[in-house]
>>> print(open('input-v6.tsv').read())   # TSV, C-alpha atoms
chain	number	residue	atom	x	y	z
O	811	LYS	CA	45.50	-62.49	-29.56
O	812	ASN	CA	47.39	-61.82	-32.79
O	813	GLU	CA	50.94	-62.99	-33.08
O	814	VAL	CA	51.80	-59.58	-34.56
O	815	GLU	CA	50.47	-56.29	-33.20
O	816	GLN	CA	50.94	-52.92	-34.89
O	817	SER	CA	50.38	-49.38	-33.73
O	818	PRO	CA	48.94	-47.01	-34.53
O	819	GLN	CA	46.12	-48.40	-36.69
O	820	ASN	CA	45.67	-45.07	-38.46
O	821	LEU	CA	48.07	-42.18	-38.78
O	822	THR	CA	47.71	-38.78	-40.42
O	823	ALA	CA	50.76	-36.58	-40.84
O	824	GLN	CA	51.70	-33.31	-42.47
O	825	GLU	CA	54.14	-33.45	-45.35
O	826	GLY	CA	57.69	-33.33	-44.03
O	827	GLU	CA	56.94	-34.90	-40.66
O	828	PHE	CA	58.94	-37.78	-39.20
O	829	ILE	CA	56.76	-40.88	-38.88
O	830	THR	CA	57.15	-43.97	-36.71
O	831	ILE	CA	55.11	-47.16	-36.95
O	832	ASN	CA	55.59	-49.83	-34.30
O	833	CYS	CA	55.33	-53.61	-34.43
O	834	SER	CA	55.45	-56.15	-31.60
O	835	TYR	CA	55.38	-59.90	-32.01
O	836	SER	CA	54.99	-62.83	-29.68
O	837	VAL	CA	56.47	-65.78	-31.61
O	838	GLY	CA	60.03	-66.84	-32.34
O	839	ILE	CA	60.92	-65.57	-35.78
O	840	SER	CA	63.45	-66.12	-38.49
O	841	ALA	CA	62.81	-62.67	-39.97
O	842	LEU	CA	60.57	-59.63	-39.77
O	843	HIS	CA	59.17	-57.93	-42.86
O	844	TRP	CA	57.80	-54.49	-43.51
O	845	LEU	CA	55.41	-54.33	-46.46
O	846	GLN	CA	53.69	-51.43	-48.19
O	847	GLN	CA	50.29	-51.72	-49.83
O	848	HIS	CA	48.82	-48.91	-51.89
O	849	PRO	CA	45.08	-48.62	-52.61
O	850	GLY	CA	44.28	-51.04	-55.41
O	851	GLY	CA	46.14	-53.96	-53.96
O	852	GLY	CA	49.79	-54.40	-54.87
O	853	ILE	CA	52.08	-55.24	-51.97
O	854	VAL	CA	55.72	-54.19	-52.06
O	855	SER	CA	58.28	-55.58	-49.70
O	856	LEU	CA	60.22	-52.73	-48.07
O	857	PHE	CA	62.52	-54.54	-45.66
O	858	MET	CA	63.34	-57.98	-44.39
O	859	LEU	CA	65.46	-57.94	-41.25
O	860	SER	CA	66.52	-60.28	-38.53
O	861	SER	CA	68.71	-57.93	-36.49
O	862	GLY	CA	69.82	-54.33	-36.20
O	863	LYS	CA	68.79	-51.68	-38.64
O	864	LYS	CA	68.31	-51.20	-42.37
O	865	LYS	CA	67.95	-48.00	-44.37
O	866	HIS	CA	66.58	-47.43	-47.85
O	867	GLY	CA	66.18	-43.86	-48.96
O	868	ARG	CA	63.91	-42.10	-46.46
O	869	LEU	CA	62.86	-45.36	-44.83
O	870	ILE	CA	64.56	-46.88	-41.81
O	871	ALA	CA	63.63	-50.16	-40.13
O	872	THR	CA	64.96	-51.33	-36.78
O	873	ILE	CA	64.44	-54.51	-34.82
O	874	ASN	CA	65.12	-55.44	-31.19
O	875	ILE	CA	65.09	-59.24	-31.01
O	876	GLN	CA	65.21	-59.34	-27.19
O	877	GLU	CA	62.20	-57.06	-26.88
O	878	LYS	CA	60.41	-58.60	-29.90
O	879	HIS	CA	59.80	-55.16	-31.32
O	880	SER	CA	60.41	-53.40	-34.60
O	881	SER	CA	59.87	-49.87	-35.83
O	882	LEU	CA	59.53	-48.40	-39.30
O	883	HIS	CA	60.52	-44.76	-39.62
O	884	ILE	CA	59.82	-42.45	-42.54
O	885	THR	CA	61.82	-39.23	-42.65
O	886	ALA	CA	60.57	-36.13	-44.51
O	887	SER	CA	57.23	-37.77	-45.27
O	888	HIS	CA	55.57	-37.10	-48.60
O	889	PRO	CA	51.98	-37.58	-49.83
O	890	ARG	CA	53.16	-40.47	-52.03
O	891	ASP	CA	54.05	-42.33	-48.81
O	892	SER	CA	50.31	-42.61	-48.12
O	893	ALA	CA	49.62	-46.34	-47.99
O	894	VAL	CA	49.00	-49.19	-45.59
O	895	TYR	CA	52.17	-50.44	-43.92
O	896	ILE	CA	52.08	-54.05	-42.80
O	897	CYS	CA	54.46	-55.75	-40.42
O	898	ALA	CA	54.84	-59.50	-40.90
O	899	VAL	CA	57.03	-62.13	-39.27
O	900	SER	CA	58.23	-65.39	-40.76
O	901	THR	CA	58.80	-68.49	-38.70
O	902	GLY	CA	59.57	-71.67	-40.57
O	903	ASN	CA	57.54	-71.27	-43.72
O	904	GLN	CA	54.68	-69.55	-41.93
O	905	PHE	CA	54.01	-65.85	-42.25
O	906	TYR	CA	52.04	-63.93	-39.62
O	907	PHE	CA	50.74	-60.50	-40.58
O	908	GLY	CA	49.91	-57.51	-38.44
O	909	THR	CA	46.68	-55.66	-39.07
O	910	GLY	CA	48.43	-52.81	-40.83
O	911	THR	CA	48.84	-49.09	-40.25
O	912	SER	CA	46.99	-46.80	-42.63
O	913	LEU	CA	49.14	-43.72	-43.24
O	914	THR	CA	47.86	-40.53	-44.85
O	915	VAL	CA	50.34	-37.73	-45.52
O	916	ILE	CA	48.67	-34.39	-46.18
O	917	PRO	CA	50.39	-31.83	-48.43
D	1146	ASP	CA	63.00	-60.15	-63.73
D	1147	THR	CA	61.73	-59.58	-60.19
D	1148	GLU	CA	58.07	-59.70	-61.02
D	1149	VAL	CA	55.20	-61.90	-60.00
D	1150	THR	CA	52.34	-61.66	-62.48
D	1151	GLN	CA	48.73	-62.58	-61.85
D	1152	THR	CA	45.84	-62.98	-64.25
D	1153	PRO	CA	43.15	-61.93	-64.50
D	1154	LYS	CA	43.27	-58.56	-62.72
D	1155	HIS	CA	39.55	-58.63	-62.08
D	1156	LEU	CA	37.06	-61.50	-62.14
D	1157	VAL	CA	33.31	-61.57	-61.67
D	1158	MET	CA	31.74	-64.99	-61.37
D	1159	GLY	CA	28.48	-66.59	-60.39
D	1160	MET	CA	28.15	-69.18	-57.68
D	1161	THR	CA	27.87	-72.01	-60.19
D	1162	ASN	CA	30.85	-70.98	-62.32
D	1163	LYS	CA	34.26	-72.62	-62.50
D	1164	LYS	CA	37.20	-70.29	-63.01
D	1165	SER	CA	40.96	-70.26	-62.41
D	1166	LEU	CA	43.40	-67.68	-61.14
D	1167	LYS	CA	46.94	-67.82	-62.48
D	1168	CYS	CA	50.25	-66.72	-61.02
D	1169	GLU	CA	53.66	-66.80	-62.66
D	1170	GLN	CA	57.22	-65.94	-61.63
D	1171	HIS	CA	60.58	-66.44	-63.31
D	1172	MET	CA	62.87	-65.66	-60.40
D	1173	GLY	CA	63.66	-69.32	-59.68
D	1174	HIS	CA	61.67	-69.19	-56.47
D	1175	ARG	CA	60.66	-72.61	-55.17
D	1176	ALA	CA	58.07	-71.39	-52.63
D	1177	MET	CA	54.78	-69.98	-53.85
D	1178	TYR	CA	51.86	-68.74	-51.82
D	1179	TRP	CA	48.17	-67.92	-52.17
D	1180	TYR	CA	46.69	-65.30	-49.87
D	1181	LYS	CA	43.16	-63.97	-49.51
D	1182	GLN	CA	42.68	-60.36	-48.46
D	1183	LYS	CA	39.38	-58.77	-47.47
D	1184	ALA	CA	39.00	-54.99	-47.44
D	1185	LYS	CA	40.97	-53.24	-44.70
D	1186	LYS	CA	42.33	-56.54	-43.38
D	1187	PRO	CA	45.80	-58.07	-43.66
D	1188	PRO	CA	46.37	-60.94	-46.07
D	1189	GLU	CA	45.36	-64.41	-44.83
D	1190	LEU	CA	47.51	-67.31	-45.91
D	1191	MET	CA	45.62	-69.98	-47.85
D	1192	PHE	CA	48.22	-72.34	-49.36
D	1193	VAL	CA	51.98	-72.74	-49.56
D	1194	TYR	CA	53.80	-74.79	-52.18
D	1195	SER	CA	57.40	-75.76	-51.52
D	1196	TYR	CA	59.29	-77.40	-54.39
D	1197	GLU	CA	55.98	-77.79	-56.24
D	1198	LYS	CA	54.44	-79.77	-53.38
D	1199	LEU	CA	51.62	-78.48	-51.19
D	1200	SER	CA	53.19	-77.91	-47.79
D	1201	ILE	CA	50.57	-75.80	-46.03
D	1202	ASN	CA	46.79	-75.75	-46.41
D	1203	GLU	CA	45.29	-73.38	-43.91
D	1204	SER	CA	41.93	-75.17	-43.59
D	1205	VAL	CA	40.71	-73.67	-46.83
D	1206	PRO	CA	37.32	-74.92	-48.13
D	1207	SER	CA	37.51	-77.46	-50.94
D	1208	ARG	CA	35.83	-75.03	-53.35
D	1209	PHE	CA	39.37	-73.57	-53.62
D	1210	SER	CA	41.76	-76.00	-55.28
D	1211	PRO	CA	45.42	-75.04	-55.78
D	1212	GLU	CA	47.70	-76.49	-58.39
D	1213	CYS	CA	51.41	-76.04	-59.04
D	1214	PRO	CA	52.11	-77.51	-62.50
D	1215	ASN	CA	55.77	-76.43	-62.48
D	1216	SER	CA	58.18	-74.29	-60.52
D	1217	SER	CA	57.09	-71.07	-62.27
D	1218	LEU	CA	53.32	-71.43	-62.23
D	1219	LEU	CA	50.69	-71.51	-59.53
D	1220	ASN	CA	46.97	-71.83	-60.19
D	1221	LEU	CA	43.96	-71.50	-57.96
D	1222	HIS	CA	40.87	-73.27	-59.28
D	1223	LEU	CA	37.55	-71.92	-58.10
D	1224	HIS	CA	34.25	-73.79	-58.09
D	1225	ALA	CA	30.90	-73.14	-56.43
D	1226	LEU	CA	32.14	-70.07	-54.59
D	1227	GLN	CA	30.04	-68.04	-52.18
D	1228	PRO	CA	29.59	-64.25	-52.15
D	1229	GLU	CA	31.69	-64.09	-48.97
D	1230	ASP	CA	34.62	-65.39	-51.01
D	1231	SER	CA	34.77	-62.03	-52.77
D	1232	ALA	CA	38.21	-60.61	-51.97
D	1233	LEU	CA	41.62	-59.74	-53.36
D	1234	TYR	CA	43.61	-62.92	-54.03
D	1235	LEU	CA	47.34	-62.38	-53.83
D	1236	CYS	CA	50.09	-64.67	-55.02
D	1237	ALA	CA	53.63	-64.44	-53.69
D	1238	SER	CA	56.89	-66.29	-54.10
D	1239	SER	CA	60.21	-66.58	-52.31
D	1240	HIS	CA	63.49	-68.45	-52.41
D	1241	LEU	CA	63.87	-71.51	-50.23
D	1242	ALA	CA	67.01	-72.73	-48.52
D	1243	GLY	CA	66.70	-75.97	-46.60
D	1244	GLY	CA	62.95	-75.74	-47.07
D	1245	ILE	CA	62.77	-72.39	-45.24
D	1246	PRO	CA	61.91	-69.13	-47.03
D	1247	LYS	CA	64.98	-67.01	-47.58
D	1248	GLU	CA	64.92	-63.34	-48.49
D	1249	THR	CA	61.61	-61.65	-48.73
D	1250	GLN	CA	58.39	-62.58	-50.43
D	1251	TYR	CA	57.58	-60.98	-53.75
D	1252	PHE	CA	53.89	-60.28	-54.24
D	1253	GLY	CA	51.84	-60.14	-57.38
D	1254	PRO	CA	49.33	-57.33	-57.96
D	1255	GLY	CA	46.41	-59.57	-57.05
D	1256	THR	CA	43.17	-60.66	-58.65
D	1257	ARG	CA	40.11	-58.83	-57.40
D	1258	LEU	CA	37.32	-61.41	-57.29
D	1259	LEU	CA	33.62	-60.67	-57.02
D	1260	VAL	CA	31.22	-63.57	-56.54
D	1261	LEU	CA	27.60	-62.80	-57.33
>>> encode(input="input-v6.tsv", output="structure tokens")
Amino acid sequence: KNEVEQSPQNLTAQEGEFITINCSYSVGISALHWLQQHPGGGIVSLFMLSSGKKKHGRLIATINIQEKHSSLHITASHPRDSAVYICAVSTGNQFYFGTGTSLTVIP
Amino acid sequence: DTEVTQTPKHLVMGMTNKKSLKCEQHMGHRAMYWYKQKAKKPPELMFVYSYEKLSINESVPSRFSPECPNSSLLNLHLHALQPEDSALYLCASSHLAGGIPKETQYFGPGTRLLVL
């Protein structure tokens, strides 16, 4: 069993839709990370959070430490949001990655 | 400067070749990481350097040899690789506080390696 589970694995949305990606983890963590990876490789860190909620533009990340669950929300989705979104948790100096959610936003 | 750079971008090598991947950052980060990523899979941690010392080696075969010559540079030396080693190799870095990563990891663009 993976330490980090994400759902859904694949997601297709119409432009403008509200999108939610979920992440559950089973280990004690110091922080949870949401990463974005576009085709071609480069990974960009979107959020690092250890409690509560963070917002950056149209992206919102929340975490519930008691339930060991986090969500990434994208409001007013746009085709340029199409990418793989990866949830990762850090514990000590170990990182555990989820399997990613492949998002396609159709115009 | 919040950039991690990696060279080369692409590398094709034979199974008898010796090559090196390079990673550089000038953010003062004292933790640096090598990851291997196969298509449609999440990154797999290979090595972690903390304060220029190897702190984690995730049972990586000896044909991969990391080196951290100073706090800004991280190399991955490759020798006698197998075709199954073909993947995207990602470097990342982060601040450390008390030996624990603080803030997020910054990733380089990766080196896409093909072993023939």
>>> atom_distance(input="input-v6.tsv", atom1="CA of Ser1216 in chain D", atom2="CA of Leu1241 in chain D")
12.1 Å
>>> residues_around(input="input-v6.tsv", residues="range 871-887 of chain O", least_positions_apart="6", cutoff="12 Å", atoms="all atoms listed in the file", output="count of residues only")
54
>>> interface_residues(input="input-v6.tsv", of="chain O", to="chain D", cutoff="9 Å", atoms="only C-alpha atoms", output="PDB file with C-alpha atoms, in the coordinates of the input")
ATOM      1  CA  ALA O 841      62.810 -62.670 -39.970  1.00  0.00           C
ATOM      2  CA  HIS O 843      59.170 -57.930 -42.860  1.00  0.00           C
ATOM      3  CA  GLY O 850      44.280 -51.040 -55.410  1.00  0.00           C
ATOM      4  CA  GLY O 851      46.140 -53.960 -53.960  1.00  0.00           C
ATOM      5  CA  GLY O 852      49.790 -54.400 -54.870  1.00  0.00           C
ATOM      6  CA  ILE O 853      52.080 -55.240 -51.970  1.00  0.00           C
ATOM      7  CA  VAL O 854      55.720 -54.190 -52.060  1.00  0.00           C
ATOM      8  CA  SER O 855      58.280 -55.580 -49.700  1.00  0.00           C
ATOM      9  CA  PHE O 857      62.520 -54.540 -45.660  1.00  0.00           C
ATOM     10  CA  MET O 858      63.340 -57.980 -44.390  1.00  0.00           C
ATOM     11  CA  ILE O 896      52.080 -54.050 -42.800  1.00  0.00           C
ATOM     12  CA  SER O 900      58.230 -65.390 -40.760  1.00  0.00           C
ATOM     13  CA  THR O 901      58.800 -68.490 -38.700  1.00  0.00           C
ATOM     14  CA  GLY O 902      59.570 -71.670 -40.570  1.00  0.00           C
ATOM     15  CA  ASN O 903      57.540 -71.270 -43.720  1.00  0.00           C
ATOM     16  CA  GLN O 904      54.680 -69.550 -41.930  1.00  0.00           C
ATOM     17  CA  PHE O 905      54.010 -65.850 -42.250  1.00  0.00           C
ATOM     18  CA  TYR O 906      52.040 -63.930 -39.620  1.00  0.00           C
ATOM     19  CA  PHE O 907      50.740 -60.500 -40.580  1.00  0.00           C
ATOM     20  CA  GLY O 908      49.910 -57.510 -38.440  1.00  0.00           C
ATOM     21  CA  THR O 909      46.680 -55.660 -39.070  1.00  0.00           C
ATOM     22  CA  GLY O 910      48.430 -52.810 -40.830  1.00  0.00           C
TER      23      GLY O 910
END
>>> residues_around(input="input-v6.tsv", residues="range 1163-1165 of chain D", least_positions_apart="6", cutoff="8 Å", atoms="only C-alpha atoms", output="mmCIF file with C-alpha atoms, keeping the file's coordinate frame")
data_model
loop_
_atom_site.group_PDB
_atom_site.id
_atom_site.type_symbol
_atom_site.label_atom_id
_atom_site.label_comp_id
_atom_site.auth_asym_id
_atom_site.auth_seq_id
_atom_site.Cartn_x
_atom_site.Cartn_y
_atom_site.Cartn_z
ATOM 1 C CA ASN D 1220 46.970 -71.830 -60.190
ATOM 2 C CA LEU D 1221 43.960 -71.500 -57.960
ATOM 3 C CA HIS D 1222 40.870 -73.270 -59.280
ATOM 4 C CA LEU D 1223 37.550 -71.920 -58.100
ATOM 5 C CA HIS D 1224 34.250 -73.790 -58.090
ATOM 6 C CA ALA D 1225 30.900 -73.140 -56.430
#
>>> atom_distance(input="input-v6.tsv", atom1="CA of Gln847 in chain O", atom2="CA of Leu1199 in chain D")
26.8 Å
>>> residues_around(input="input-v6.tsv", residues="Asp1230 in chain D", least_positions_apart="3", cutoff="7 Å", atoms="all atoms listed in the file", output="VMD selection string")
chain D and resid 1226 to 1227 1260
>>> closest_residue(input="input-v6.tsv", among="D:Glu1229, D:Leu1258, D:Ala1242, D:Pro1153", to="His1174 in chain D", atoms="all atoms listed in the file")
D:Ala1242
>>> residues_near_point(input="input-v6.tsv", point="(60.4, -65.7, -62.9)", cutoff="9 Å", atoms="only C-alpha atoms", output="NGL selection string")
:D and (1146-1149 or 1169-1174 or 1217)
>>> write_last_selection(input="input-v6.tsv", atoms="C-alpha atoms", output="compact mmCIF listing (two decimals), in the frame of the given file")
# COMPACT_ATOMS: atom_id res chain seq x y z
CA ASP D 1146 63.00 -60.15 -63.73
CA THR D 1147 61.73 -59.58 -60.19
CA GLU D 1148 58.07 -59.70 -61.02
CA VAL D 1149 55.20 -61.90 -60.00
CA GLU D 1169 53.66 -66.80 -62.66
CA GLN D 1170 57.22 -65.94 -61.63
CA HIS D 1171 60.58 -66.44 -63.31
CA MET D 1172 62.87 -65.66 -60.40
CA GLY D 1173 63.66 -69.32 -59.68
CA HIS D 1174 61.67 -69.19 -56.47
CA SER D 1217 57.09 -71.07 -62.27
>>> build_atoms(input="input-v6.tsv", residues="range 901-912 of chain O", atoms="all heavy atoms", output="PDB file, in the frame of the given file")
ATOM      1  N   THR O 901      58.284 -67.476 -39.615  1.00  0.00           N
ATOM      2  CA  THR O 901      58.800 -68.490 -38.700  1.00  0.00           C
ATOM      3  C   THR O 901      58.603 -69.827 -39.397  1.00  0.00           C
ATOM      4  O   THR O 901      57.471 -70.212 -39.666  1.00  0.00           O
ATOM      5  CB  THR O 901      58.111 -68.409 -37.317  1.00  0.00           C
ATOM      6  OG1 THR O 901      58.434 -69.586 -36.583  1.00  0.00           O
ATOM      7  CG2 THR O 901      56.611 -68.264 -37.414  1.00  0.00           C
ATOM      8  N   GLY O 902      59.702 -70.526 -39.691  1.00  0.00           N
ATOM      9  CA  GLY O 902      59.570 -71.670 -40.570  1.00  0.00           C
ATOM     10  C   GLY O 902      59.097 -71.177 -41.915  1.00  0.00           C
ATOM     11  O   GLY O 902      59.621 -70.211 -42.450  1.00  0.00           O
ATOM     12  N   ASN O 903      58.106 -71.835 -42.493  1.00  0.00           N
ATOM     13  CA  ASN O 903      57.540 -71.270 -43.720  1.00  0.00           C
ATOM     14  C   ASN O 903      56.137 -70.729 -43.475  1.00  0.00           C
ATOM     15  O   ASN O 903      55.296 -70.702 -44.346  1.00  0.00           O
ATOM     16  CB  ASN O 903      57.576 -72.266 -44.885  1.00  0.00           C
ATOM     17  CG  ASN O 903      56.793 -73.525 -44.579  1.00  0.00           C
ATOM     18  OD1 ASN O 903      56.292 -73.667 -43.482  1.00  0.00           O
ATOM     19  ND2 ASN O 903      56.704 -74.421 -45.530  1.00  0.00           N
ATOM     20  N   GLN O 904      55.915 -70.239 -42.265  1.00  0.00           N
ATOM     21  CA  GLN O 904      54.680 -69.550 -41.930  1.00  0.00           C
ATOM     22  C   GLN O 904      54.931 -68.048 -41.875  1.00  0.00           C
ATOM     23  O   GLN O 904      55.968 -67.608 -41.404  1.00  0.00           O
ATOM     24  CB  GLN O 904      54.202 -69.989 -40.549  1.00  0.00           C
ATOM     25  CG  GLN O 904      53.582 -71.370 -40.511  1.00  0.00           C
ATOM     26  CD  GLN O 904      52.098 -71.314 -40.854  1.00  0.00           C
ATOM     27  OE1 GLN O 904      51.653 -70.448 -41.598  1.00  0.00           O
ATOM     28  NE2 GLN O 904      51.334 -72.258 -40.337  1.00  0.00           N
ATOM     29  N   PHE O 905      53.972 -67.303 -42.375  1.00  0.00           N
ATOM     30  CA  PHE O 905      54.010 -65.850 -42.250  1.00  0.00           C
ATOM     31  C   PHE O 905      52.840 -65.411 -41.383  1.00  0.00           C
ATOM     32  O   PHE O 905      51.718 -65.883 -41.566  1.00  0.00           O
ATOM     33  CB  PHE O 905      53.897 -65.181 -43.622  1.00  0.00           C
ATOM     34  CG  PHE O 905      55.212 -64.915 -44.279  1.00  0.00           C
ATOM     35  CD1 PHE O 905      56.014 -65.954 -44.715  1.00  0.00           C
ATOM     36  CD2 PHE O 905      55.664 -63.615 -44.454  1.00  0.00           C
ATOM     37  CE1 PHE O 905      57.227 -65.720 -45.324  1.00  0.00           C
ATOM     38  CE2 PHE O 905      56.889 -63.369 -45.070  1.00  0.00           C
ATOM     39  CZ  PHE O 905      57.669 -64.416 -45.495  1.00  0.00           C
ATOM     40  N   TYR O 906      53.099 -64.515 -40.432  1.00  0.00           N
ATOM     41  CA  TYR O 906      52.040 -63.930 -39.620  1.00  0.00           C
ATOM     42  C   TYR O 906      52.037 -62.429 -39.895  1.00  0.00           C
ATOM     43  O   TYR O 906      53.067 -61.777 -39.809  1.00  0.00           O
ATOM     44  CB  TYR O 906      52.294 -64.172 -38.134  1.00  0.00           C
ATOM     45  CG  TYR O 906      52.302 -65.630 -37.750  1.00  0.00           C
ATOM     46  CD1 TYR O 906      53.508 -66.322 -37.675  1.00  0.00           C
ATOM     47  CD2 TYR O 906      51.128 -66.303 -37.454  1.00  0.00           C
ATOM     48  CE1 TYR O 906      53.536 -67.656 -37.319  1.00  0.00           C
ATOM     49  CE2 TYR O 906      51.149 -67.649 -37.095  1.00  0.00           C
ATOM     50  CZ  TYR O 906      52.352 -68.317 -37.032  1.00  0.00           C
ATOM     51  OH  TYR O 906      52.372 -69.642 -36.687  1.00  0.00           O
ATOM     52  N   PHE O 907      50.857 -61.911 -40.219  1.00  0.00           N
ATOM     53  CA  PHE O 907      50.740 -60.500 -40.580  1.00  0.00           C
ATOM     54  C   PHE O 907      50.114 -59.690 -39.461  1.00  0.00           C
ATOM     55  O   PHE O 907      49.178 -60.152 -38.792  1.00  0.00           O
ATOM     56  CB  PHE O 907      49.847 -60.351 -41.823  1.00  0.00           C
ATOM     57  CG  PHE O 907      50.478 -60.857 -43.086  1.00  0.00           C
ATOM     58  CD1 PHE O 907      50.404 -62.198 -43.419  1.00  0.00           C
ATOM     59  CD2 PHE O 907      51.129 -59.992 -43.941  1.00  0.00           C
ATOM     60  CE1 PHE O 907      50.981 -62.676 -44.584  1.00  0.00           C
ATOM     61  CE2 PHE O 907      51.714 -60.460 -45.117  1.00  0.00           C
ATOM     62  CZ  PHE O 907      51.638 -61.795 -45.438  1.00  0.00           C
ATOM     63  N   GLY O 908      50.593 -58.483 -39.280  1.00  0.00           N
ATOM     64  CA  GLY O 908      49.910 -57.510 -38.440  1.00  0.00           C
ATOM     65  C   GLY O 908      48.719 -56.955 -39.185  1.00  0.00           C
ATOM     66  O   GLY O 908      48.527 -57.210 -40.379  1.00  0.00           O
ATOM     67  N   THR O 909      47.915 -56.178 -38.492  1.00  0.00           N
ATOM     68  CA  THR O 909      46.680 -55.660 -39.070  1.00  0.00           C
ATOM     69  C   THR O 909      46.903 -54.418 -39.929  1.00  0.00           C
ATOM     70  O   THR O 909      45.986 -53.927 -40.553  1.00  0.00           O
ATOM     71  CB  THR O 909      45.659 -55.325 -37.978  1.00  0.00           C
ATOM     72  OG1 THR O 909      46.296 -54.511 -36.995  1.00  0.00           O
ATOM     73  CG2 THR O 909      45.133 -56.589 -37.326  1.00  0.00           C
ATOM     74  N   GLY O 910      48.126 -53.928 -39.942  1.00  0.00           N
ATOM     75  CA  GLY O 910      48.430 -52.810 -40.830  1.00  0.00           C
ATOM     76  C   GLY O 910      48.241 -51.460 -40.176  1.00  0.00           C
ATOM     77  O   GLY O 910      47.440 -51.298 -39.248  1.00  0.00           O
ATOM     78  N   THR O 911      48.973 -50.486 -40.659  1.00  0.00           N
ATOM     79  CA  THR O 911      48.840 -49.090 -40.250  1.00  0.00           C
ATOM     80  C   THR O 911      48.527 -48.286 -41.502  1.00  0.00           C
ATOM     81  O   THR O 911      49.306 -48.305 -42.464  1.00  0.00           O
ATOM     82  CB  THR O 911      50.121 -48.558 -39.613  1.00  0.00           C
ATOM     83  OG1 THR O 911      50.371 -49.255 -38.399  1.00  0.00           O
ATOM     84  CG2 THR O 911      50.041 -47.059 -39.361  1.00  0.00           C
ATOM     85  N   SER O 912      47.389 -47.614 -41.488  1.00  0.00           N
ATOM     86  CA  SER O 912      46.990 -46.800 -42.630  1.00  0.00           C
ATOM     87  C   SER O 912      47.556 -45.397 -42.451  1.00  0.00           C
ATOM     88  O   SER O 912      47.177 -44.683 -41.530  1.00  0.00           O
ATOM     89  CB  SER O 912      45.472 -46.758 -42.745  1.00  0.00           C
ATOM     90  OG  SER O 912      45.090 -45.953 -43.833  1.00  0.00           O
TER      91      SER O 912
END
